[in-house]
Structures are given as structure tokens and as C-alpha cells.
$ cat structure-v7.cif   # mmCIF, C-alpha atoms
data_model
#
loop_
_atom_site.label_atom_id
_atom_site.label_comp_id
_atom_site.auth_asym_id
_atom_site.auth_seq_id
_atom_site.Cartn_x
_atom_site.Cartn_y
_atom_site.Cartn_z
CA MET A 30 54.60 36.41 9.54
CA PRO A 31 54.57 40.25 9.37
CA ASP A 32 53.73 42.34 12.41
CA ASN A 33 50.19 43.44 11.49
CA GLN A 34 49.97 45.92 14.36
CA SER A 35 52.92 48.07 13.27
CA SER A 36 52.17 48.10 9.52
CA ARG A 37 48.40 48.43 9.52
CA GLU A 38 46.41 51.55 8.75
CA PRO A 39 44.42 52.71 11.82
CA ILE A 40 40.66 52.24 11.86
CA PRO A 41 39.10 55.69 11.38
CA ASP A 42 37.35 57.09 14.46
CA HIS A 43 34.40 58.01 12.25
CA PHE A 44 33.26 57.11 8.75
CA PRO A 45 31.41 59.88 6.89
CA ASP A 46 28.93 57.37 5.45
CA ILE A 47 28.26 53.65 5.01
CA GLU A 48 30.06 53.64 1.66
CA ALA A 49 33.29 54.84 3.29
CA ALA A 50 33.02 52.13 5.96
CA ALA A 51 32.37 49.51 3.29
CA GLU A 52 35.37 50.74 1.26
CA PHE A 53 37.62 50.51 4.31
CA TRP A 54 36.55 46.98 5.21
CA ASP A 55 36.61 45.85 1.57
CA THR A 56 40.30 46.70 1.53
CA HIS A 57 41.27 45.65 5.08
CA SER A 58 41.01 42.40 7.02
CA LEU A 59 39.30 42.32 10.40
CA ALA A 60 41.86 39.67 11.36
CA ASP A 61 44.50 42.43 11.34
CA TYR A 62 42.49 44.36 13.96
CA GLU A 63 41.46 41.49 16.23
CA ASP A 64 43.29 43.10 19.16
CA GLN A 65 40.89 46.08 18.86
CA THR A 66 37.69 44.05 18.94
CA GLU A 67 35.51 43.16 21.90
CA GLU A 68 32.51 40.94 22.41
CA VAL A 69 29.16 42.73 22.43
CA LYS A 70 25.62 41.60 23.07
CA ILE A 71 22.80 42.82 20.86
CA THR A 72 19.08 42.26 20.71
CA VAL A 73 17.42 41.86 17.34
CA ASN A 74 13.68 42.16 16.82
CA VAL A 75 12.85 39.59 14.16
CA SER A 76 9.11 39.75 14.68
CA LYS A 77 8.58 42.59 12.21
CA ARG A 78 7.12 41.20 9.01
CA ARG A 79 7.53 42.64 5.58
CA ARG A 80 5.03 42.20 2.80
CA MET A 81 6.06 42.18 -0.81
CA VAL A 82 3.68 43.82 -3.26
CA ALA A 83 4.23 43.83 -7.01
CA LEU A 84 4.12 47.29 -8.57
CA ASP A 85 4.00 48.32 -12.18
CA PRO A 86 7.61 49.34 -13.00
CA GLU A 87 6.62 52.81 -14.21
CA LEU A 88 4.51 53.40 -11.07
CA ALA A 89 7.41 52.23 -8.88
CA ARG A 90 9.75 54.65 -10.68
CA LYS A 91 7.35 57.56 -10.19
CA ILE A 92 6.94 56.75 -6.49
CA ALA A 93 10.71 56.49 -6.04
CA ASP A 94 11.18 59.85 -7.79
CA GLU A 95 8.57 61.49 -5.55
CA ALA A 96 10.11 59.96 -2.43
CA SER A 97 13.52 61.25 -3.47
CA ARG A 98 12.08 64.72 -4.11
CA ARG A 99 10.60 64.70 -0.59
CA GLY A 100 13.79 63.36 0.99
CA VAL A 101 12.27 60.14 2.31
CA SER A 102 12.61 56.49 1.40
CA THR A 103 10.21 54.92 -1.07
CA GLU A 104 9.02 52.60 1.70
CA THR A 105 8.27 55.53 4.01
CA LEU A 106 6.31 57.39 1.33
CA ILE A 107 4.25 54.32 0.40
CA ASN A 108 3.46 53.61 4.07
CA LEU A 109 2.45 57.25 4.60
CA TRP A 110 0.17 57.28 1.57
CA LEU A 111 -1.45 53.94 2.46
CA SER A 112 -2.03 55.07 6.05
CA GLU A 113 -3.66 58.27 4.83
CA GLN A 114 -5.96 56.34 2.50
CA LEU A 115 -6.96 53.87 5.22
CA GLN A 116 -7.79 56.72 7.60
CA ARG A 117 -9.96 58.41 4.96
CA HIS A 118 -11.87 55.22 4.20
CA ALA A 119 -12.27 54.20 7.85
CA ALA A 120 -14.28 57.32 8.67
#
$ encode --input "structure-v7.cif" --output "C-alpha cells"
Amino acid sequence: MPDNQSSREPIPDHFPDIEAAAEFWDTHSLADYEDQTEEVKITVNVSKRRRMVALDPELARKIADEASRRGVSTETLINLWLSEQLQRHAA
């Protein structure tokens, strides 16, 4: 069995983006870095619900384009617009 510790590439201290992290772990085995891992405890909020709403494909494309132009996610833009409309109609 080869000595994984002496022949392995080091884990980068920082990945520039999620794609770089995915590329690294797609080409490396976590088993080779087990000595660098530690147990952690996390809390996950699973109470948030998501609702799926069907959109006309052309409308969805236009919304995605506008969201991209504004530098926000499509989900964020839709939530913003719906909140604005609800506030207008609640008055």
C-alpha cells in the first residue's frame, strides 16, 4: 500500500470558488486526507419550506435574464417582486 501522506497533493488553504473545490475533490479521495479531518457538529434548519410554481419557459428566461442583469438570483428577484406586489395590494 503506498504512503498516501508523502505522495498526496496538499489541500489548498482556500478555493477561489465552489467549482475549484469541486474539481479538487472530484480528482482526490477524502480517504487520502483522513488524518486531516475532524468531527464537527452542525445545526440544520429543515423547517424552511419551498414552493414550486410552474412558469412559462419564456417568462422564466426573461426573469432569469433580469436577475442576472441586476446581479441577484432568480429566486431573490421573484421574492422581491412578489413582496412588492403584496404590499401594494394590502394597502
$ closest_residue --input "structure-v7.cif" --among "A:Ala51, A:Ile107, A:Val101, A:Leu59" --to "Val82 in chain A" --atoms "only C-alpha atoms"
A:Ile107
$ atom_distance --input "structure-v7.cif" --atom1 "CA of Lys77 in chain A" --atom2 "CA of Leu115 in chain A"
20.4 Å
$ atom_distance --input "structure-v7.cif" --atom1 "CA of His43 in chain A" --atom2 "CA of Gln65 in chain A"
15.1 Å
$ residues_around --input "structure-v7.cif" --residues "His57 in chain A" --least-positions-apart "4" --cutoff "9 Å" --atoms "only C-alpha atoms" --output "MDAnalysis selection string"
chainID A and resid 37:38 52:53 61
$ closest_residue --input "structure-v7.cif" --among "A:Ala119, A:Met81, A:Tyr62, A:Pro86" --to "Glu104 in chain A" --atoms "all atoms listed in the file"
A:Met81
$ atom_distance --input "structure-v7.cif" --atom1 "CA of Ala89 in chain A" --atom2 "CA of Thr103 in chain A"
8.7 Å
$ decode --input "structure-v7.cif" --residues "chain A" --atoms "C-alpha atoms" --output "short mmCIF file (atom, residue, chain, number, x, y, z; two decimals), in the first residue's frame"
data_model
loop_
_atom_site.label_atom_id
_atom_site.label_comp_id
_atom_site.auth_asym_id
_atom_site.auth_seq_id
_atom_site.Cartn_x
_atom_site.Cartn_y
_atom_site.Cartn_z
CA MET A 30 0.00 0.00 0.00
CA PRO A 31 1.54 3.39 -0.95
CA ASP A 32 2.21 6.05 1.65
CA ASN A 33 -0.65 8.45 0.87
CA GLN A 34 0.69 11.16 3.17
CA SER A 35 4.02 11.60 1.37
CA SER A 36 2.70 11.42 -2.21
CA ARG A 37 -0.53 13.37 -1.92
CA GLU A 38 -1.14 16.91 -3.12
CA PRO A 39 -1.88 19.26 -0.19
CA ILE A 40 -5.43 20.51 0.31
CA PRO A 41 -5.46 24.18 -0.72
CA ASP A 42 -5.90 26.64 2.15
CA HIS A 43 -8.54 28.44 0.09
CA PHE A 44 -10.54 27.64 -3.02
CA PRO A 45 -11.37 30.64 -5.23
CA ASP A 46 -14.88 29.30 -5.88
CA ILE A 47 -17.11 26.25 -5.46
CA GLU A 48 -16.10 24.96 -8.89
CA ALA A 49 -12.43 24.83 -7.87
CA ALA A 50 -13.33 22.94 -4.69
CA ALA A 51 -15.47 20.51 -6.67
CA GLU A 52 -12.65 19.98 -9.19
CA PHE A 53 -10.19 19.22 -6.39
CA TRP A 54 -12.46 16.71 -4.67
CA ASP A 55 -13.52 15.15 -7.99
CA THR A 56 -9.88 14.26 -8.56
CA HIS A 57 -8.82 13.43 -4.99
CA SER A 58 -10.06 10.94 -2.39
CA LEU A 59 -11.02 12.12 1.08
CA ALA A 60 -9.68 8.78 2.32
CA ASP A 61 -6.18 10.05 1.47
CA TYR A 62 -6.70 13.03 3.82
CA GLU A 63 -8.41 11.28 6.72
CA ASP A 64 -5.60 12.32 9.06
CA GLN A 65 -6.55 15.98 8.38
CA THR A 66 -10.23 15.60 9.19
CA GLU A 67 -12.02 16.21 12.46
CA GLU A 68 -15.53 15.65 13.70
CA VAL A 69 -17.77 18.71 13.67
CA LYS A 70 -21.29 19.38 14.88
CA ILE A 71 -23.68 21.38 12.74
CA THR A 72 -27.26 22.51 13.06
CA VAL A 73 -29.50 22.40 10.03
CA ASN A 74 -32.81 24.24 9.81
CA VAL A 75 -35.09 21.94 7.84
CA SER A 76 -38.27 23.81 8.68
CA LYS A 77 -37.99 26.21 5.73
CA ARG A 78 -40.43 25.15 3.04
CA ARG A 79 -40.08 25.75 -0.64
CA ARG A 80 -42.98 26.07 -3.01
CA MET A 81 -42.71 25.06 -6.62
CA VAL A 82 -44.59 27.21 -9.12
CA ALA A 83 -44.75 26.43 -12.83
CA LEU A 84 -43.68 29.32 -15.05
CA ASP A 85 -44.00 29.75 -18.77
CA PRO A 86 -40.50 28.94 -20.12
CA GLU A 87 -40.16 32.27 -21.92
CA LEU A 88 -41.23 34.19 -18.79
CA ALA A 89 -38.75 32.19 -16.70
CA ARG A 90 -35.96 33.03 -19.17
CA LYS A 91 -36.81 36.75 -19.07
CA ILE A 92 -36.86 36.75 -15.26
CA ALA A 93 -33.53 34.91 -15.13
CA ASP A 94 -32.02 37.42 -17.57
CA GLU A 95 -33.27 40.36 -15.48
CA ALA A 96 -31.98 38.77 -12.28
CA SER A 97 -28.58 38.26 -13.89
CA ARG A 98 -28.54 41.87 -15.10
CA ARG A 99 -29.24 43.02 -11.52
CA GLY A 100 -26.67 40.65 -10.01
CA VAL A 101 -29.14 38.66 -7.90
CA SER A 102 -30.52 35.15 -8.07
CA THR A 103 -33.75 34.46 -9.92
CA GLU A 104 -35.29 33.34 -6.63
CA THR A 105 -34.33 36.60 -4.92
CA LEU A 106 -35.78 38.72 -7.72
CA ILE A 107 -39.06 36.78 -7.79
CA ASN A 108 -39.40 37.04 -4.00
CA LEU A 109 -38.70 40.78 -4.14
CA TRP A 110 -41.26 41.38 -6.88
CA LEU A 111 -43.93 39.27 -5.16
CA SER A 112 -43.34 41.04 -1.84
CA GLU A 113 -43.68 44.43 -3.54
CA GLN A 114 -46.95 43.39 -5.19
CA LEU A 115 -48.39 42.04 -1.93
CA GLN A 116 -47.52 45.28 -0.13
CA ARG A 117 -49.22 47.35 -2.84
CA HIS A 118 -52.39 45.26 -2.73
CA ALA A 119 -52.52 45.07 1.07
CA ALA A 120 -52.87 48.84 1.42
#
